[in-house]
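Trainee: Got a file for you: entry12.pdb, PDB, C-alpha atoms, pLDDT in the B column.
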```
MODEL        1
ATOM      1  CA  MET A 148       4.133 -37.631  -9.207  1.00 58.00           C
ATOM      2  CA  GLN A 149       1.068 -37.312  -7.029  1.00 63.00           C
ATOM      3  CA  LYS A 150      -0.965 -34.139  -6.989  1.00 61.00           C
ATOM      4  CA  GLN A 151      -1.326 -32.442  -3.645  1.00 62.00           C
ATOM      5  CA  ASP A 152      -4.705 -31.201  -2.600  1.00 61.00           C
ATOM      6  CA  ASN A 153      -4.029 -27.763  -1.152  1.00 59.00           C
ATOM      7  CA  ARG A 154      -7.671 -26.813  -0.783  1.00 64.00           C
ATOM      8  CA  LYS A 155      -8.943 -26.428   2.723  1.00 66.00           C
ATOM      9  CA  THR A 156     -12.401 -27.618   3.550  1.00 64.00           C
ATOM     10  CA  PHE A 157     -14.461 -25.250   5.618  1.00 63.00           C
ATOM     11  CA  LYS A 158     -17.049 -26.919   7.780  1.00 69.00           C
ATOM     12  CA  LYS A 159     -18.200 -23.800   9.585  1.00 73.00           C
ATOM     13  CA  ALA A 160     -21.385 -22.220   8.363  1.00 74.00           C
ATOM     14  CA  TYR A 161     -22.664 -18.790   9.207  1.00 72.00           C
ATOM     15  CA  LYS A 162     -25.451 -18.895  11.731  1.00 75.00           C
ATOM     16  CA  LEU A 163     -28.097 -16.255  12.061  1.00 69.00           C
ATOM     17  CA  PRO A 164     -27.869 -14.386  15.332  1.00 74.00           C
ATOM     18  CA  THR A 165     -30.850 -14.831  17.607  1.00 88.00           C
ATOM     19  CA  LEU A 166     -32.723 -11.589  17.311  1.00 92.00           C
ATOM     20  CA  ALA A 167     -36.105 -10.607  18.666  1.00 95.00           C
ATOM     21  CA  VAL A 168     -38.412  -7.641  18.389  1.00 96.00           C
ATOM     22  CA  GLY A 169     -37.060  -4.923  20.664  1.00 95.00           C
ATOM     23  CA  ASP A 170     -33.366  -5.795  20.197  1.00 94.00           C
ATOM     24  CA  VAL A 171     -30.975  -2.980  19.338  1.00 93.00           C
ATOM     25  CA  LEU A 172     -28.939  -2.784  16.133  1.00 93.00           C
ATOM     26  CA  LEU A 173     -26.206  -0.266  15.420  1.00 92.00           C
ATOM     27  CA  VAL A 174     -26.666   1.029  11.871  1.00 93.00           C
ATOM     28  CA  GLY A 175     -25.327   3.752   9.620  1.00 91.00           C
ATOM     29  CA  LYS A 176     -22.009   4.355   7.902  1.00 91.00           C
ATOM     30  CA  PHE A 177     -20.042   4.193  11.142  1.00 91.00           C
ATOM     31  CA  LYS A 178     -22.450   1.764  12.910  1.00 90.00           C
ATOM     32  CA  ASN A 179     -23.184   4.308  15.615  1.00 89.00           C
ATOM     33  CA  ARG A 180     -26.911   5.001  15.155  1.00 93.00           C
ATOM     34  CA  ARG A 181     -29.183   2.970  17.388  1.00 93.00           C
ATOM     35  CA  ALA A 182     -32.184   1.276  15.738  1.00 95.00           C
ATOM     36  CA  THR A 183     -34.770  -0.895  17.497  1.00 96.00           C
ATOM     37  CA  ILE A 184     -36.175  -3.943  15.692  1.00 96.00           C
ATOM     38  CA  THR A 185     -39.924  -3.806  15.094  1.00 97.00           C
ATOM     39  CA  GLY A 186     -40.324  -6.875  12.847  1.00 97.00           C
ATOM     40  CA  PHE A 187     -38.766  -9.206  10.273  1.00 95.00           C
ATOM     41  CA  SER A 188     -39.196  -9.927   6.567  1.00 95.00           C
ATOM     42  CA  SER A 189     -37.155 -11.039   3.554  1.00 94.00           C
ATOM     43  CA  ASP A 190     -35.895  -9.163   0.500  1.00 92.00           C
ATOM     44  CA  GLU A 191     -36.171 -10.043  -3.203  1.00 93.00           C
ATOM     45  CA  HIS A 192     -33.358 -12.615  -2.829  1.00 91.00           C
ATOM     46  CA  ASN A 193     -34.987 -14.241   0.258  1.00 91.00           C
ATOM     47  CA  GLN A 194     -32.300 -12.827   2.544  1.00 89.00           C
ATOM     48  CA  PRO A 195     -33.444 -11.928   6.082  1.00 89.00           C
ATOM     49  CA  VAL A 196     -34.264  -8.277   6.701  1.00 94.00           C
ATOM     50  CA  ALA A 197     -35.012  -6.598  10.028  1.00 95.00           C
ATOM     51  CA  GLN A 198     -37.687  -3.934  10.065  1.00 96.00           C
ATOM     52  CA  THR A 199     -36.456  -1.168  12.390  1.00 96.00           C
ATOM     53  CA  ASP A 200     -37.538   2.294  13.400  1.00 96.00           C
ATOM     54  CA  LYS A 201     -34.783   3.586  11.029  1.00 94.00           C
ATOM     55  CA  GLY A 202     -35.990   1.537   8.033  1.00 95.00           C
ATOM     56  CA  GLU A 203     -35.178  -1.905   6.658  1.00 95.00           C
ATOM     57  CA  GLN A 204     -31.757  -3.343   7.612  1.00 94.00           C
ATOM     58  CA  LYS A 205     -30.188  -6.548   6.322  1.00 92.00           C
ATOM     59  CA  ILE A 206     -29.428  -8.937   9.196  1.00 88.00           C
ATOM     60  CA  PHE A 207     -25.724  -9.393   8.444  1.00 83.00           C
ATOM     61  CA  LYS A 208     -24.933  -5.727   7.737  1.00 86.00           C
ATOM     62  CA  PRO A 209     -25.438  -3.867  11.055  1.00 85.00           C
ATOM     63  CA  ARG A 210     -23.727  -4.513  14.362  1.00 84.00           C
ATOM     64  CA  ILE A 211     -25.827  -6.257  16.959  1.00 84.00           C
ATOM     65  CA  ALA A 212     -25.398  -4.415  20.242  1.00 84.00           C
ATOM     66  CA  LYS A 213     -26.134  -7.364  22.544  1.00 85.00           C
ATOM     67  CA  LEU A 214     -23.387  -9.473  20.885  1.00 83.00           C
ATOM     68  CA  MET A 215     -20.673  -6.817  21.298  1.00 80.00           C
ATOM     69  CA  PRO A 216     -18.351  -6.844  24.335  1.00 80.00           C
ATOM     70  CA  THR A 217     -19.403  -4.350  26.972  1.00 76.00           C
ATOM     71  CA  LYS A 218     -16.216  -2.307  26.587  1.00 72.00           C
ATOM     72  CA  LEU A 219     -16.814  -1.708  22.872  1.00 68.00           C
ATOM     73  CA  ARG A 220     -20.437  -0.648  23.075  1.00 65.00           C
ATOM     74  CA  SER A 221     -21.220   2.992  22.704  1.00 60.00           C
ATOM     75  CA  VAL A 222     -22.842   4.730  25.644  1.00 58.00           C
ATOM     76  CA  ARG A 223     -26.106   5.168  23.741  1.00 55.00           C
ATOM     77  CA  ALA A 224     -26.301   1.497  22.767  1.00 55.00           C
ATOM     78  CA  SER A 225     -25.606   0.229  26.279  1.00 55.00           C
ATOM     79  CA  VAL A 226     -28.270   2.541  27.722  1.00 56.00           C
ATOM     80  CA  ALA A 227     -30.755   1.286  25.118  1.00 54.00           C
ATOM     81  CA  ILE A 228     -29.958  -2.317  25.975  1.00 54.00           C
ATOM     82  CA  ARG A 229     -30.548  -1.718  29.686  1.00 60.00           C
ATOM     83  CA  VAL A 230     -33.869  -0.028  28.877  1.00 56.00           C
ATOM     84  CA  ALA A 231     -34.932  -2.924  26.633  1.00 55.00           C
ATOM     85  CA  GLY A 232     -34.205  -5.413  29.411  1.00 58.00           C
ATOM     86  CA  SER A 233     -31.449  -7.430  27.735  1.00 54.00           C
ATOM     87  CA  LYS A 234     -28.519  -8.524  29.845  1.00 54.00           C
ATOM     88  CA  PRO A 235     -25.173  -7.034  28.742  1.00 52.00           C
ATOM     89  CA  THR A 236     -22.417  -9.527  28.009  1.00 49.00           C
TER      90      THR A 236
ENDMDL
END
```
Do you think you could lay out the structure here as structure tokens?
Mentor:
Amino acid sequence: MQKQDNRKTFKKAYKLPTLAVGDVLLVGKFKNRRATITGFSSDEHNQPVAQTDKGEQKIFKPRIAKLMPTKLRSVRASVAIRVAGSKPT
């Protein structure tokens, strides 16, 4: 009998979102607090970290307001995006 290979190969890799200083992240337990990026660094495991006005935030943890559909954005986040000059999607 031949063995079947049931493993799936995943060719997709996670890509870092394109973020810049001044972009808006939604942070906090419920991802509803708006934080503006002021810089970037890395943590002790060389993972990317965004420096925000609310403290350090890991890149993959918060929601990125400019990548969310317009209908799902909170009112505060969409106002902050318009002020920052980013185009809503």
Trainee: Hey, can you check how far atom CA of Ala160 of chain A sits from atom CA of Gln194 of chain A?
Mentor: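 That distance, rounded to one decimal, is 15.5 Å.
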Trainee: Name the residues in contact with segment 198-212 of chain A at a cut-off of 6 Å, using all atoms listed in the file, excluding same-chain residues fewer than 2 positions from it; report them as a ChimeraX atom specification.
Mentor: /A:171-174,182-187,195-196,214-215
Trainee: Figure out the distance between atom CA of Asp170 of chain A and atom CA of Lys213 of chain A, please, to one decimal in Å.
Mentor: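 Separating atom CA of Lys213 of chain A from atom CA of Asp170 of chain A is a distance of 7.8 Å.
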Trainee: Around segment 167-173 of chain A, fit a box with edges along x, y and z, padding it by 8 Å on each side, then list its centre and edge lengths in Å to one decimal as JSON.
Mentor:
```
{"center_x": -32.3, "center_y": -5.4, "center_z": 18.0, "size_x": 28.2, "size_y": 26.3, "size_z": 21.2}
```
Trainee: Atom CA of Lys159 of chain A and atom CA of Lys218 of chain A are how many Å apart?
Mentor: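 Calculated distance between atom CA of Lys159 of chain A and atom CA of Lys218 of chain A is 27.5 Å.
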